[in-house]
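Source file final_0.txt; content: compact mmCIF, C-alpha atoms and all ligand atoms.
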# COMPACT_ATOMS: atom_id res chain seq x y z
CA MET C 1 -5.97 31.40 -15.12
CA ASN C 2 -2.86 32.23 -17.09
CA HIS C 3 -1.91 28.78 -18.38
CA PHE C 4 1.73 29.56 -18.86
CA ALA C 5 2.18 30.90 -15.35
CA ASN C 6 0.77 27.71 -13.83
CA PRO C 7 3.66 25.46 -12.70
CA ASP C 8 1.58 22.37 -13.56
CA ARG C 9 0.76 22.03 -17.25
CA LEU C 10 -0.62 18.73 -18.49
CA LEU C 11 -0.80 17.62 -22.11
CA ILE C 12 -3.36 14.84 -22.61
CA VAL C 13 -2.74 12.77 -25.73
CA ASP C 14 -5.86 10.76 -26.49
CA ASP C 15 -7.92 10.43 -29.65
CA GLU C 16 -11.13 9.66 -27.79
CA ARG C 17 -12.66 13.03 -27.12
CA ILE C 18 -14.90 11.88 -24.28
CA THR C 19 -12.05 10.15 -22.45
CA ALA C 20 -9.77 13.15 -22.97
CA GLU C 21 -12.37 15.54 -21.58
CA PHE C 22 -12.99 13.30 -18.59
CA LEU C 23 -9.25 13.22 -17.87
CA ARG C 24 -9.06 16.98 -18.37
CA ASP C 25 -11.78 17.59 -15.76
CA ILE C 26 -9.99 15.47 -13.16
CA ALA C 27 -6.63 17.15 -13.84
CA SER C 28 -8.14 20.66 -13.83
CA ASN C 29 -9.73 19.98 -10.47
CA LEU C 30 -6.31 19.14 -9.11
CA GLY C 31 -4.99 22.47 -10.39
CA PHE C 32 -3.40 21.60 -13.75
CA SER C 33 -3.68 23.74 -16.84
CA VAL C 34 -4.63 21.22 -19.50
CA ARG C 35 -4.27 20.93 -23.29
CA ILE C 36 -5.59 18.05 -25.33
CA ALA C 37 -3.88 16.63 -28.43
CA ASP C 38 -6.18 14.22 -30.25
CA SER C 39 -3.85 13.36 -33.14
CA PHE C 40 -0.18 12.92 -33.90
CA GLU C 41 -0.16 16.20 -35.84
CA ARG C 42 -1.73 18.13 -32.97
CA PHE C 43 0.76 16.52 -30.64
CA CYS C 44 3.78 17.55 -32.73
CA GLU C 45 2.60 21.14 -32.90
CA ALA C 46 1.96 21.42 -29.14
CA PRO C 47 0.96 25.01 -28.50
CA GLU C 48 3.74 27.49 -28.58
CA GLY C 49 4.97 28.23 -25.06
CA PHE C 50 2.69 25.68 -23.37
CA ASN C 51 5.67 23.43 -22.60
CA PRO C 52 3.92 20.71 -20.58
CA THR C 53 5.34 19.68 -17.22
CA ALA C 54 3.45 16.39 -17.49
CA VAL C 55 2.16 14.30 -20.39
CA LEU C 56 -0.57 11.70 -20.14
CA LEU C 57 -0.16 9.53 -23.22
CA ASP C 58 -2.56 6.93 -24.58
CA LEU C 59 -0.31 4.41 -26.31
CA GLN C 60 -2.94 3.47 -28.90
CA MET C 61 -3.58 6.33 -31.29
CA PRO C 62 -4.99 5.67 -34.76
CA GLY C 63 -2.30 5.03 -37.35
CA ARG C 64 0.59 5.57 -34.95
CA ASP C 65 1.97 3.63 -32.09
CA GLY C 66 2.81 5.26 -28.80
CA ILE C 67 6.51 4.77 -29.38
CA GLU C 68 6.53 7.46 -32.07
CA PHE C 69 5.08 9.90 -29.56
CA LEU C 70 7.77 9.04 -27.07
CA LYS C 71 10.45 9.59 -29.74
CA VAL C 72 9.07 13.05 -30.55
CA LEU C 73 9.11 13.97 -26.86
CA ALA C 74 12.70 12.76 -26.58
CA LYS C 75 13.64 14.77 -29.69
CA GLN C 76 12.04 17.87 -28.15
CA LYS C 77 14.25 17.18 -25.12
CA SER C 78 11.07 17.32 -23.06
CA GLU C 79 11.56 17.35 -19.31
CA ALA C 80 7.91 16.55 -18.72
CA LYS C 81 6.99 13.66 -16.48
CA VAL C 82 5.35 11.07 -18.71
CA ILE C 83 2.47 8.82 -17.71
CA VAL C 84 1.65 6.16 -20.30
CA ALA C 85 -1.75 4.51 -20.28
CA SER C 86 -3.37 1.93 -22.47
CA GLY C 87 -5.92 -0.84 -22.63
CA MET C 88 -3.16 -3.17 -23.89
CA ASP C 89 -1.66 -5.86 -21.70
CA ASN C 90 0.61 -4.93 -18.83
CA ARG C 91 3.77 -6.23 -20.49
CA THR C 92 3.31 -4.03 -23.57
CA ILE C 93 2.71 -0.99 -21.39
CA SER C 94 5.75 -1.62 -19.26
CA THR C 95 7.90 -2.18 -22.38
CA ALA C 96 6.85 1.26 -23.63
CA HIS C 97 7.63 2.64 -20.18
CA GLN C 98 11.12 1.15 -20.30
CA LEU C 99 11.72 2.40 -23.82
CA GLY C 100 10.81 5.91 -22.66
CA MET C 101 13.46 5.65 -19.97
CA VAL C 102 16.05 4.48 -22.49
CA LEU C 103 15.17 7.54 -24.60
CA GLY C 104 16.00 9.69 -21.57
CA LEU C 105 12.43 10.66 -20.73
CA ASP C 106 11.20 11.13 -17.17
CA MET C 107 8.74 8.21 -17.10
CA ALA C 108 6.47 8.64 -14.09
CA ALA C 109 3.96 5.81 -14.36
CA ALA C 110 2.55 3.08 -16.61
CA LEU C 111 -1.18 2.56 -16.16
CA GLN C 112 -3.51 -0.04 -17.57
CA LYS C 113 -6.96 1.13 -18.65
CA PRO C 114 -9.56 1.28 -17.29
CA ILE C 115 -7.96 3.54 -14.70
CA SER C 116 -9.88 4.34 -11.54
CA VAL C 117 -10.36 8.00 -10.74
CA GLN C 118 -8.55 7.42 -7.46
CA THR C 119 -5.46 5.96 -9.17
CA LEU C 120 -5.42 8.73 -11.73
CA ARG C 121 -5.63 11.41 -9.06
CA GLN C 122 -2.84 9.76 -7.12
CA GLU C 123 -0.54 9.58 -10.14
CA LEU C 124 -1.31 13.12 -11.23
CA ARG C 125 -0.62 14.46 -7.77
CA LYS C 126 2.75 12.76 -7.80
CA VAL C 127 3.78 14.65 -10.93
CA MET C 128 2.56 18.02 -9.66
CA GLN C 129 5.29 20.54 -8.97
CA GLY C 130 3.17 23.29 -7.54
CA SER C 131 1.64 21.11 -4.86
CA GLN C 132 2.37 21.96 -1.27
CA PRO C 133 5.31 20.05 0.18
CA LEU C 134 4.38 17.89 3.16
CA THR C 135 5.64 19.49 6.36
CA ALA C 136 5.82 18.39 9.99
CA ALA C 137 3.35 21.16 10.89
CA SER C 138 0.78 20.00 8.32
CA LEU C 139 1.27 16.39 9.44
CA ALA C 140 0.74 17.32 13.10
CA GLU C 141 -2.42 19.16 12.09
CA ALA C 142 -3.64 16.20 10.02
CA ILE C 143 -3.16 13.79 12.95
CA GLU C 144 -5.03 16.16 15.24
CA ALA C 145 -7.86 16.62 12.74
CA GLY C 146 -8.22 12.87 12.13
CA ASP C 147 -7.13 13.13 8.48
CA ILE C 148 -4.77 10.17 8.88
CA GLN C 149 -7.07 7.19 8.70
CA PRO C 150 -6.69 3.44 8.51
CA TYR C 151 -7.33 1.56 5.29
CA PHE C 152 -7.81 -2.16 5.75
CA GLN C 153 -6.17 -4.95 3.76
CA PRO C 154 -7.62 -8.45 4.15
CA LYS C 155 -5.52 -11.46 5.16
CA VAL C 156 -6.74 -15.02 4.68
CA THR C 157 -6.05 -17.82 7.14
CA ARG C 158 -6.06 -21.54 6.41
CA ASP C 159 -8.94 -23.16 8.29
CA LYS C 160 -9.28 -26.67 9.71
CA ASN C 161 -10.71 -28.02 6.47
CA GLY C 162 -7.82 -26.72 4.41
CA GLY C 163 -9.92 -23.85 2.98
CA TRP C 164 -9.07 -20.17 3.42
CA THR C 165 -11.08 -17.72 5.50
CA CYS C 166 -10.79 -13.97 5.90
CA THR C 167 -10.81 -13.24 9.60
CA GLU C 168 -7.99 -10.70 9.81
CA VAL C 169 -7.05 -7.36 8.31
CA GLU C 170 -3.99 -5.12 8.42
CA ALA C 171 -4.59 -1.41 9.07
CA LEU C 172 -2.46 0.87 6.91
CA ALA C 173 -2.29 4.63 7.42
CA ARG C 174 -3.60 6.96 4.69
CA TRP C 175 -3.38 10.76 4.77
CA HIS C 176 -6.47 12.38 3.22
CA GLN C 177 -5.73 15.75 1.64
CA ALA C 178 -8.24 18.56 1.26
CA ASP C 179 -8.34 18.08 -2.54
CA GLY C 180 -9.48 14.47 -2.20
CA SER C 181 -6.09 12.90 -2.92
CA VAL C 182 -4.60 10.29 -0.60
CA VAL C 183 -0.96 10.26 0.53
CA LEU C 184 0.75 6.90 1.16
CA PRO C 185 2.81 6.19 4.30
CA VAL C 186 6.06 6.10 2.35
CA ASN C 187 5.64 9.88 2.06
CA PHE C 188 5.07 10.66 5.75
CA ILE C 189 6.28 7.92 8.11
CA ASP C 190 9.87 9.23 8.02
CA LEU C 191 8.57 12.78 8.47
CA ALA C 192 6.63 11.59 11.52
CA GLU C 193 9.62 9.71 12.87
CA ASN C 194 12.00 12.64 12.52
CA ASN C 195 9.61 15.09 14.17
CA GLY C 196 8.39 13.16 17.19
CA LEU C 197 5.00 12.52 15.57
CA LEU C 198 5.03 8.71 15.40
CA LYS C 199 3.51 8.33 18.85
CA PRO C 200 0.47 10.57 18.18
CA LEU C 201 0.12 8.97 14.73
CA THR C 202 0.16 5.43 16.14
CA ASP C 203 -2.16 6.39 19.01
CA SER C 204 -4.64 7.83 16.54
CA MET C 205 -4.43 4.72 14.32
CA LEU C 206 -4.91 2.42 17.33
CA GLU C 207 -7.94 4.31 18.51
CA GLN C 208 -9.60 4.35 15.08
CA VAL C 209 -8.87 0.66 14.51
CA VAL C 210 -10.27 -0.36 17.91
CA ILE C 211 -13.43 1.68 17.25
CA GLN C 212 -13.76 -0.06 13.87
CA LEU C 213 -13.33 -3.49 15.49
CA ALA C 214 -16.09 -2.57 17.95
CA THR C 215 -18.35 -1.58 15.04
CA TRP C 216 -17.70 -4.91 13.30
CA ASN C 217 -18.26 -6.78 16.59
CA ALA C 218 -21.65 -5.09 16.94
CA ARG C 219 -22.54 -6.45 13.50
CA GLY C 220 -21.56 -9.95 14.56
CA CYS C 221 -18.33 -9.98 12.61
CA LYS C 222 -15.43 -10.62 14.95
CA LEU C 223 -12.34 -9.72 12.96
CA ARG C 224 -8.76 -9.32 14.15
CA ALA C 225 -6.82 -6.24 13.01
CA ALA C 226 -3.08 -5.64 12.84
CA VAL C 227 -1.56 -2.21 13.45
CA ASN C 228 2.03 -1.23 12.65
CA ILE C 229 3.72 -0.09 15.82
CA SER C 230 6.45 2.48 16.05
CA PRO C 231 9.54 1.10 17.77
CA SER C 232 9.60 4.04 20.18
CA LEU C 233 6.35 2.85 21.78
CA LEU C 234 8.01 -0.42 22.69
CA GLY C 235 10.29 1.34 25.14
CA ASP C 236 7.31 2.88 26.97
CA CYS C 237 6.40 0.67 29.95
CA ALA C 238 2.99 2.36 30.28
CA PHE C 239 1.99 1.29 26.76
CA PRO C 240 0.56 -2.20 27.53
CA ASP C 241 -1.75 -0.85 30.25
CA GLU C 242 -2.86 2.11 28.14
CA LEU C 243 -3.63 -0.21 25.26
CA GLU C 244 -5.56 -2.62 27.43
CA TRP C 245 -7.61 0.28 28.76
CA LEU C 246 -8.40 1.48 25.23
CA LEU C 247 -9.74 -1.96 24.25
CA LYS C 248 -11.70 -2.31 27.46
CA ARG C 249 -13.37 1.03 26.89
CA HIS C 250 -14.63 -0.17 23.51
CA LYS C 251 -15.36 -3.74 24.67
CA VAL C 252 -12.92 -5.28 22.19
CA ASP C 253 -10.99 -8.44 23.14
CA ASN C 254 -7.23 -8.03 23.41
CA ASN C 255 -6.59 -10.92 21.04
CA GLN C 256 -8.48 -9.05 18.31
CA LEU C 257 -5.53 -6.67 18.06
CA ILE C 258 -2.21 -7.67 16.53
CA LEU C 259 0.80 -5.39 16.82
CA GLU C 260 3.28 -5.59 13.96
CA VAL C 261 6.88 -4.64 14.62
CA THR C 262 9.29 -4.42 11.74
CA GLU C 263 12.26 -6.74 11.91
CA ASN C 264 14.65 -3.84 11.38
CA VAL C 265 14.20 -2.69 14.95
CA VAL C 266 14.50 -6.06 16.59
CA ILE C 267 18.20 -5.51 16.90
CA ALA C 268 17.61 -2.42 19.07
CA TYR C 269 15.66 -4.26 21.74
CA THR C 270 16.50 -3.28 25.27
CA SER C 271 15.31 -4.68 28.57
CA ALA C 272 12.42 -2.17 28.52
CA THR C 273 11.40 -3.44 25.08
CA ILE C 274 11.52 -7.04 26.20
CA GLU C 275 9.38 -6.14 29.19
CA VAL C 276 6.81 -4.30 27.06
CA LEU C 277 6.62 -7.13 24.52
CA SER C 278 6.27 -9.77 27.21
CA ARG C 279 3.50 -7.85 28.97
CA LEU C 280 1.65 -7.37 25.69
CA ARG C 281 1.77 -11.11 25.04
CA VAL C 282 0.69 -11.93 28.59
CA LYS C 283 -2.30 -9.66 28.00
CA ASP C 284 -3.05 -11.78 24.90
CA PHE C 285 -2.40 -9.16 22.21
CA GLY C 286 -1.08 -10.67 18.98
CA LEU C 287 2.56 -9.82 18.20
CA ALA C 288 3.88 -10.14 14.67
CA ILE C 289 7.41 -9.68 13.44
CA ASP C 290 7.04 -7.72 10.18
CA ASP C 291 9.14 -7.72 6.98
CA PHE C 292 10.91 -10.85 8.14
CA GLY C 293 14.04 -11.67 6.17
CA THR C 294 15.06 -8.06 5.51
CA GLY C 295 16.50 -7.17 8.90
CA TYR C 296 19.17 -8.52 11.12
CA SER C 297 17.38 -10.46 13.82
CA SER C 298 19.28 -13.52 14.86
CA LEU C 299 17.62 -16.85 15.42
CA GLU C 300 18.41 -16.36 19.09
CA GLN C 301 16.36 -13.14 19.16
CA LEU C 302 13.53 -14.79 17.27
CA TYR C 303 13.45 -17.51 19.87
CA ARG C 304 13.67 -15.16 22.87
CA MET C 305 11.09 -12.60 21.76
CA PRO C 306 7.47 -13.48 22.46
CA PHE C 307 6.19 -13.14 18.88
CA ASP C 308 3.38 -15.40 17.76
CA GLU C 309 3.46 -14.53 14.05
CA ILE C 310 6.11 -14.06 11.38
CA LYS C 311 5.35 -12.05 8.24
CA ILE C 312 7.63 -13.00 5.37
CA ASP C 313 8.67 -9.86 3.53
CA ARG C 314 7.06 -9.36 0.15
CA SER C 315 10.43 -9.09 -1.61
CA PHE C 316 10.78 -12.87 -1.19
CA ILE C 317 7.30 -13.63 -2.50
CA LYS C 318 7.99 -11.40 -5.51
CA ARG C 319 11.08 -13.37 -6.49
CA TYR C 320 9.98 -16.89 -5.61
CA GLN C 321 9.19 -17.92 -9.17
CA SER C 322 12.51 -16.95 -10.73
CA ASN C 323 14.76 -18.27 -8.02
CA LYS C 324 14.88 -21.75 -6.53
CA ASP C 325 16.97 -20.57 -3.56
CA ILE C 326 14.27 -18.04 -2.64
CA ARG C 327 11.72 -20.84 -2.62
CA THR C 328 13.97 -22.78 -0.26
CA ILE C 329 14.29 -19.75 2.04
CA ILE C 330 10.49 -19.27 2.12
CA GLU C 331 9.97 -22.94 2.94
CA ALA C 332 12.64 -22.79 5.65
CA ILE C 333 11.12 -19.69 7.29
CA ILE C 334 7.70 -21.34 7.35
CA MET C 335 9.09 -24.49 8.90
CA LEU C 336 11.19 -22.58 11.43
CA GLY C 337 8.31 -20.33 12.49
CA GLN C 338 5.88 -23.18 12.86
CA LYS C 339 8.36 -25.31 14.82
CA LEU C 340 8.78 -22.37 17.19
CA GLY C 341 5.00 -22.34 17.66
CA MET C 342 4.31 -19.26 15.52
CA THR C 343 1.97 -18.77 12.60
CA VAL C 344 3.54 -17.61 9.35
CA CYS C 345 1.98 -15.07 6.99
CA ALA C 346 3.21 -14.37 3.46
CA GLU C 347 2.96 -10.75 2.28
CA GLY C 348 2.71 -9.38 -1.26
CA VAL C 349 0.79 -12.31 -2.76
CA GLU C 350 -0.14 -10.98 -6.18
CA THR C 351 -0.72 -14.03 -8.35
CA GLN C 352 -2.70 -17.24 -8.22
CA ALA C 353 0.56 -19.13 -8.83
CA ALA C 354 2.17 -17.54 -5.74
CA PHE C 355 -0.94 -18.31 -3.72
CA GLU C 356 -0.85 -21.98 -4.73
CA PHE C 357 2.89 -22.27 -4.11
CA LEU C 358 2.43 -20.85 -0.59
CA GLU C 359 -0.54 -23.11 0.01
CA SER C 360 1.64 -26.10 -0.91
CA THR C 361 4.35 -25.03 1.56
CA GLY C 362 1.92 -25.08 4.50
CA CYS C 363 2.00 -21.30 5.03
CA ASP C 364 -0.76 -20.33 7.51
CA LYS C 365 -1.82 -16.90 6.25
CA GLN C 366 -1.65 -14.95 3.03
CA GLN C 367 -1.97 -11.23 2.28
CA GLY C 368 -1.61 -9.32 -0.97
CA TYR C 369 -3.31 -7.66 -3.89
CA LEU C 370 -4.61 -11.03 -5.13
CA ILE C 371 -6.73 -11.32 -2.00
CA GLY C 372 -7.52 -7.63 -1.71
CA LYS C 373 -5.95 -4.17 -1.73
CA PRO C 374 -6.08 -1.82 1.27
CA VAL C 375 -9.42 0.03 1.25
CA PRO C 376 -11.53 2.14 3.62
CA ALA C 377 -13.54 0.05 6.11
CA GLU C 378 -16.82 0.53 4.26
CA GLU C 379 -15.37 -0.92 1.06
CA LEU C 380 -13.77 -3.96 2.67
CA SER C 381 -16.61 -6.32 1.87
CA THR C 382 -16.31 -5.61 -1.84
CA VAL C 383 -12.59 -6.39 -2.12
CA ILE C 384 -12.42 -9.54 -0.05
CA CYS C 385 -11.67 -12.59 -2.12
CA LYS C 386 -13.14 -11.47 -5.39
CA ASP C 387 -12.31 -14.26 -7.79
CA VAL C 388 -9.36 -16.06 -6.25
CA SER C 389 -11.25 -19.10 -5.08
CA GLU C 390 -14.20 -19.74 -2.86
CA TYR C 391 -12.85 -18.29 0.40
CA ARG C 392 -15.39 -18.23 3.14
CA SER C 393 -15.15 -14.70 4.30
CA ALA C 394 -16.47 -11.94 6.45
CA ARG C 395 -17.92 -10.41 3.29
CA ALA C 396 -21.49 -11.39 3.90
CA ILE C 397 -21.55 -9.80 7.32
CA LEU C 398 -19.58 -6.59 6.84
P1 LIG C 401 3.99 -2.99 5.63
O1 LIG C 401 3.64 -3.02 7.07
O2 LIG C 401 4.91 -4.03 5.11
O3 LIG C 401 2.60 -2.98 4.85
C1 LIG C 401 2.36 -3.65 3.66
C2 LIG C 401 2.55 -2.73 2.48
O4 LIG C 401 2.55 -3.50 1.30
C3 LIG C 401 1.39 -1.75 2.32
O5 LIG C 401 1.91 -0.56 1.74
C4 LIG C 401 0.50 -2.46 1.31
O6 LIG C 401 -0.33 -1.58 0.57
C5 LIG C 401 1.53 -3.10 0.43
N1 LIG C 401 1.05 -4.30 -0.22
C6 LIG C 401 0.13 -5.17 0.24
N2 LIG C 401 -0.08 -6.18 -0.62
C7 LIG C 401 0.75 -5.97 -1.66
C8 LIG C 401 1.01 -6.67 -2.88
O7 LIG C 401 0.41 -7.72 -3.17
N3 LIG C 401 1.95 -6.16 -3.69
C9 LIG C 401 2.63 -5.00 -3.40
N4 LIG C 401 3.54 -4.57 -4.27
N5 LIG C 401 2.41 -4.30 -2.26
C10 LIG C 401 1.48 -4.79 -1.40
P2 LIG C 401 1.61 0.86 2.38
O8 LIG C 401 0.20 0.94 2.87
O9 LIG C 401 2.07 1.86 1.37
O10 LIG C 401 2.52 0.89 3.65
C11 LIG C 401 3.90 0.91 3.55
C12 LIG C 401 4.55 0.77 4.90
O11 LIG C 401 4.30 1.92 5.72
C13 LIG C 401 4.00 -0.41 5.70
O12 LIG C 401 4.63 -1.58 5.26
C14 LIG C 401 4.40 -0.01 7.11
O13 LIG C 401 5.73 -0.34 7.38
C15 LIG C 401 4.28 1.50 7.06
N6 LIG C 401 3.01 1.89 7.70
C16 LIG C 401 1.75 1.88 7.19
N7 LIG C 401 0.85 2.30 8.10
C17 LIG C 401 1.56 2.58 9.24
C18 LIG C 401 1.20 3.05 10.54
O14 LIG C 401 0.04 3.28 10.87
N8 LIG C 401 2.22 3.21 11.45
C19 LIG C 401 3.53 2.93 11.14
N9 LIG C 401 4.46 3.10 12.09
N10 LIG C 401 3.90 2.48 9.92
C20 LIG C 401 2.93 2.31 8.97
CA CA C 402 2.93 -4.39 8.47
CA CA C 403 5.48 -6.01 5.92
For this file, write the structure as structure tokens.
Ligand code: C2E
Ligand code: CA
Ligand code: CA
Amino acid sequence: MNHFANPDRLLIVDDERITAEFLRDIASNLGFSVRIADSFERFCEAPEGFNPTAVLLDLQMPGRDGIEFLKVLAKQKSEAKVIVASGMDNRTISTAHQLGMVLGLDMAAALQKPISVQTLRQELRKVMQGSQPLTAASLAEAIEAGDIQPYFQPKVTRDKNGGWTCTEVEALARWHQADGSVVLPVNFIDLAENNGLLKPLTDSMLEQVVIQLATWNARGCKLRAAVNISPSLLGDCAFPDELEWLLKRHKVDNNQLILEVTENVVIAYTSATIEVLSRLRVKDFGLAIDDFGTGYSSLEQLYRMPFDEIKIDRSFIKRYQSNKDIRTIIEAIIMLGQKLGMTVCAEGVETQAAFEFLESTGCDKQQGYLIGKPVPAEELSTVICKDVSEYRSARAIL
């Protein structure tokens, strides 16, 4: 391959030969032309004409700190997308990341080592210029071919003894590409919405999730799973019956399925929507109001709509520590939801401190990276409740 004709040229800056070669193999497989610089000198004399479009920089090089590398790149007026990586603590890495931005560099990501192959692939794909843009046609094909699949993120629920048990998961769509990379929903939900593809996408997700629930049932593990529902389905009066039929076919109980509807669409509810929601509840499906606190639903709407769960948006959980008012809002939402007979789930729980704060507020359910990241069904047992505390969980059975 002519390196200079390739639109994706990666410079790997790492003094450990074995690591650098490992990274090179992954990047080459994705389609990058790769050069390795294993010293500051090599880095400064980057091969004539190579002109990297991306740089993967290890911040710890012998005798030099990563900052000097960033300064050289800035001096070269490099337009490359820069990924910094290091075994140092997160704060140091993100400081370097910020400094790069101040220097005018295009900082793409800050990664802590060890980096999983999956994360690395994802980040490298994001900085690729030559990669195929996602189109409505390729999305339609992917839905048809079953390349959009659910990953599952565990949720823990407070049990009668005050402990926490994993009995629920949220299904999140992932688009598997031919090269092994995985595209996140932020990159295709709008595309689906604008091209009439949300219905087939949601239908496909629902079917796969129900089949997975049936598989878990057969193993004696009766989990509940939440699926994000496109607002357009809520105006379709045939939807509750179709859904009930799907679950019946796979012998899954209706209350094993929770439908999550983002709060942003609550405002658009029409009489058809109210009818669909009411019929879903009568059929005993779970109904959760998602991203609560970010939309415009009035208390009146909250009271009138037949939801049985509120999910507090993760932006609140993120800021709870630095802001007393946010803590008050979280506590008020939990109290309000529970007084209205709903359960309340906190999203985006990333730290033990957040977990304990939410536990102290009486929150019923918690979900977030602390408890487990979204993973394919077969990996769920390995992520549930690793070292948070002694949750009783579905792990042993899955
Ligand atoms: P959401 O429904 O609010 O889903 C939770 C998102 O937060 C997921 O992102 C999840 O990976 C992420 N998350 C979970 N725990 C944490 C945490 O502790 N920290 C942080 N920073 N993030 C956390 P994801 O999978 O990228 O999904 C993004 C959004 O895309 C979802 O937000 C949902 O609105 C939408 N989406 C996902 N799957 C589907 C689907 O099948 N259909 C529809 N209509 N929308 C979907
Ligand atoms: Ca959701
Ligand atoms: Ca949410």
For the contact check between chain C and ligand LIG 401 (chain C), emit one row per residue of chain C within 6 Å, containing the shortest atom pair and the distance in Å rounded to one decimal, counting all atoms listed in the file, chain then rising number order, as JSON lines.
{"residue": "C:Leu172", "atom": "CA", "partner": "C:LIG401", "partner_atom": "N7", "distance": 3.8}
{"residue": "C:Ala173", "atom": "CA", "partner": "C:LIG401", "partner_atom": "N7", "distance": 4.0}
{"residue": "C:Leu184", "atom": "CA", "partner": "C:LIG401", "partner_atom": "O9", "distance": 5.2}
{"residue": "C:Pro185", "atom": "CA", "partner": "C:LIG401", "partner_atom": "O11", "distance": 4.7}
{"residue": "C:Val186", "atom": "CA", "partner": "C:LIG401", "partner_atom": "O11", "distance": 5.7}
{"residue": "C:Thr202", "atom": "CA", "partner": "C:LIG401", "partner_atom": "N8", "distance": 5.6}
{"residue": "C:Met205", "atom": "CA", "partner": "C:LIG401", "partner_atom": "O14", "distance": 5.8}
{"residue": "C:Asn228", "atom": "CA", "partner": "C:LIG401", "partner_atom": "N8", "distance": 4.6}
{"residue": "C:Ile229", "atom": "CA", "partner": "C:LIG401", "partner_atom": "N9", "distance": 5.0}
{"residue": "C:Ser230", "atom": "CA", "partner": "C:LIG401", "partner_atom": "N9", "distance": 4.5}
{"residue": "C:Asp291", "atom": "CA", "partner": "C:LIG401", "partner_atom": "O2", "distance": 5.9}
{"residue": "C:Gly348", "atom": "CA", "partner": "C:LIG401", "partner_atom": "O7", "distance": 3.4}
{"residue": "C:Val349", "atom": "CA", "partner": "C:LIG401", "partner_atom": "O7", "distance": 4.6}
{"residue": "C:Glu350", "atom": "CA", "partner": "C:LIG401", "partner_atom": "O7", "distance": 4.5}
{"residue": "C:Gly368", "atom": "CA", "partner": "C:LIG401", "partner_atom": "O7", "distance": 3.4}
{"residue": "C:Tyr369", "atom": "CA", "partner": "C:LIG401", "partner_atom": "O7", "distance": 3.8}
{"residue": "C:Pro374", "atom": "CA", "partner": "C:LIG401", "partner_atom": "O6", "distance": 5.8}
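Atom CA of C:Lys113 to atom CA of C:Leu56 spans 12.4 Å [interatomic distance, one decimal].
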Item to check | At most 8 Å from ligand CA 402 (chain C) (all atoms listed in the file): residue list as a PyMOL selection string | outcome: chain C and resi 170+172+226-228+260-262+290-291
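Here atom CA of C:Phe22 and atom CA of C:Lys77 stand 28.3 Å from one another.
Put simply, atom CA of C:Val252 is 24.6 Å away from atom CA of C:Gly372.
Using all atoms listed in the file, the smallest distance between any of C:Arg327, C:Phe357, C:Ala171, C:Asn187 and ligand CA 403 (chain C) comes from C:Ala171.
Nearest residue to ligand CA 403 (chain C) among C:Ile312, C:Val82, C:Ala377, C:Ile26 is C:Ile312, counting only C-alpha atoms and all ligand atoms.
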Checklist entry - Looking at all atoms listed in the file, which of C:His250, C:His176, C:Arg91, C:Arg125 is the one that sits closest to C:Ala110? => result C:Arg91
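If you measure from each of C:Leu103, C:Leu299, C:Val84, C:Met128 to C:Ser28 using all atoms listed in the file, the closest one turns out to be C:Met128.
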Checklist entry - Within 8 Å of (-1.9, 12.3, -36.1), in the coordinates the file gives, what residues turn up when you count only C-alpha atoms, written out as an NGL selection string? => result :C and (38-43 or 61-64)
Just-selected residues, C-alpha atoms written as a PDB file, in the coordinates of the input:
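Once written, part12.pdb looks like this:
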ATOM      1  CA  ASP C  38      -6.180  14.220 -30.250  1.00  0.00           C
ATOM      2  CA  SER C  39      -3.850  13.360 -33.140  1.00  0.00           C
ATOM      3  CA  PHE C  40      -0.180  12.920 -33.900  1.00  0.00           C
ATOM      4  CA  GLU C  41      -0.160  16.200 -35.840  1.00  0.00           C
ATOM      5  CA  ARG C  42      -1.730  18.130 -32.970  1.00  0.00           C
ATOM      6  CA  PHE C  43       0.760  16.520 -30.640  1.00  0.00           C
ATOM      7  CA  MET C  61      -3.580   6.330 -31.290  1.00  0.00           C
ATOM      8  CA  PRO C  62      -4.990   5.670 -34.760  1.00  0.00           C
ATOM      9  CA  GLY C  63      -2.300   5.030 -37.350  1.00  0.00           C
ATOM     10  CA  ARG C  64       0.590   5.570 -34.950  1.00  0.00           C
TER      11      ARG C  64
END
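You can rank C:Glu207, C:Thr273, C:Ile258, C:Glu144 by their closest distance to C:Gly235 using only C-alpha atoms, and at the top of that list sits C:Thr273.
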Item to check | From C:Phe355, C:Phe188, C:Phe316, C:Phe69, residue lying nearest ligand CA 403 (chain C) [only C-alpha atoms and all ligand atoms] | outcome: C:Phe316
Build an axis-aligned box that encloses every atom of stretch 95-110 of chain C listed in the file, pad it by 5 Å on each side, and report its centre and edge lengths in Å to one decimal, as JSON.
{"center_x": 9.3, "center_y": 4.5, "center_z": -19.3, "size_x": 23.5, "size_y": 23.3, "size_z": 20.5}
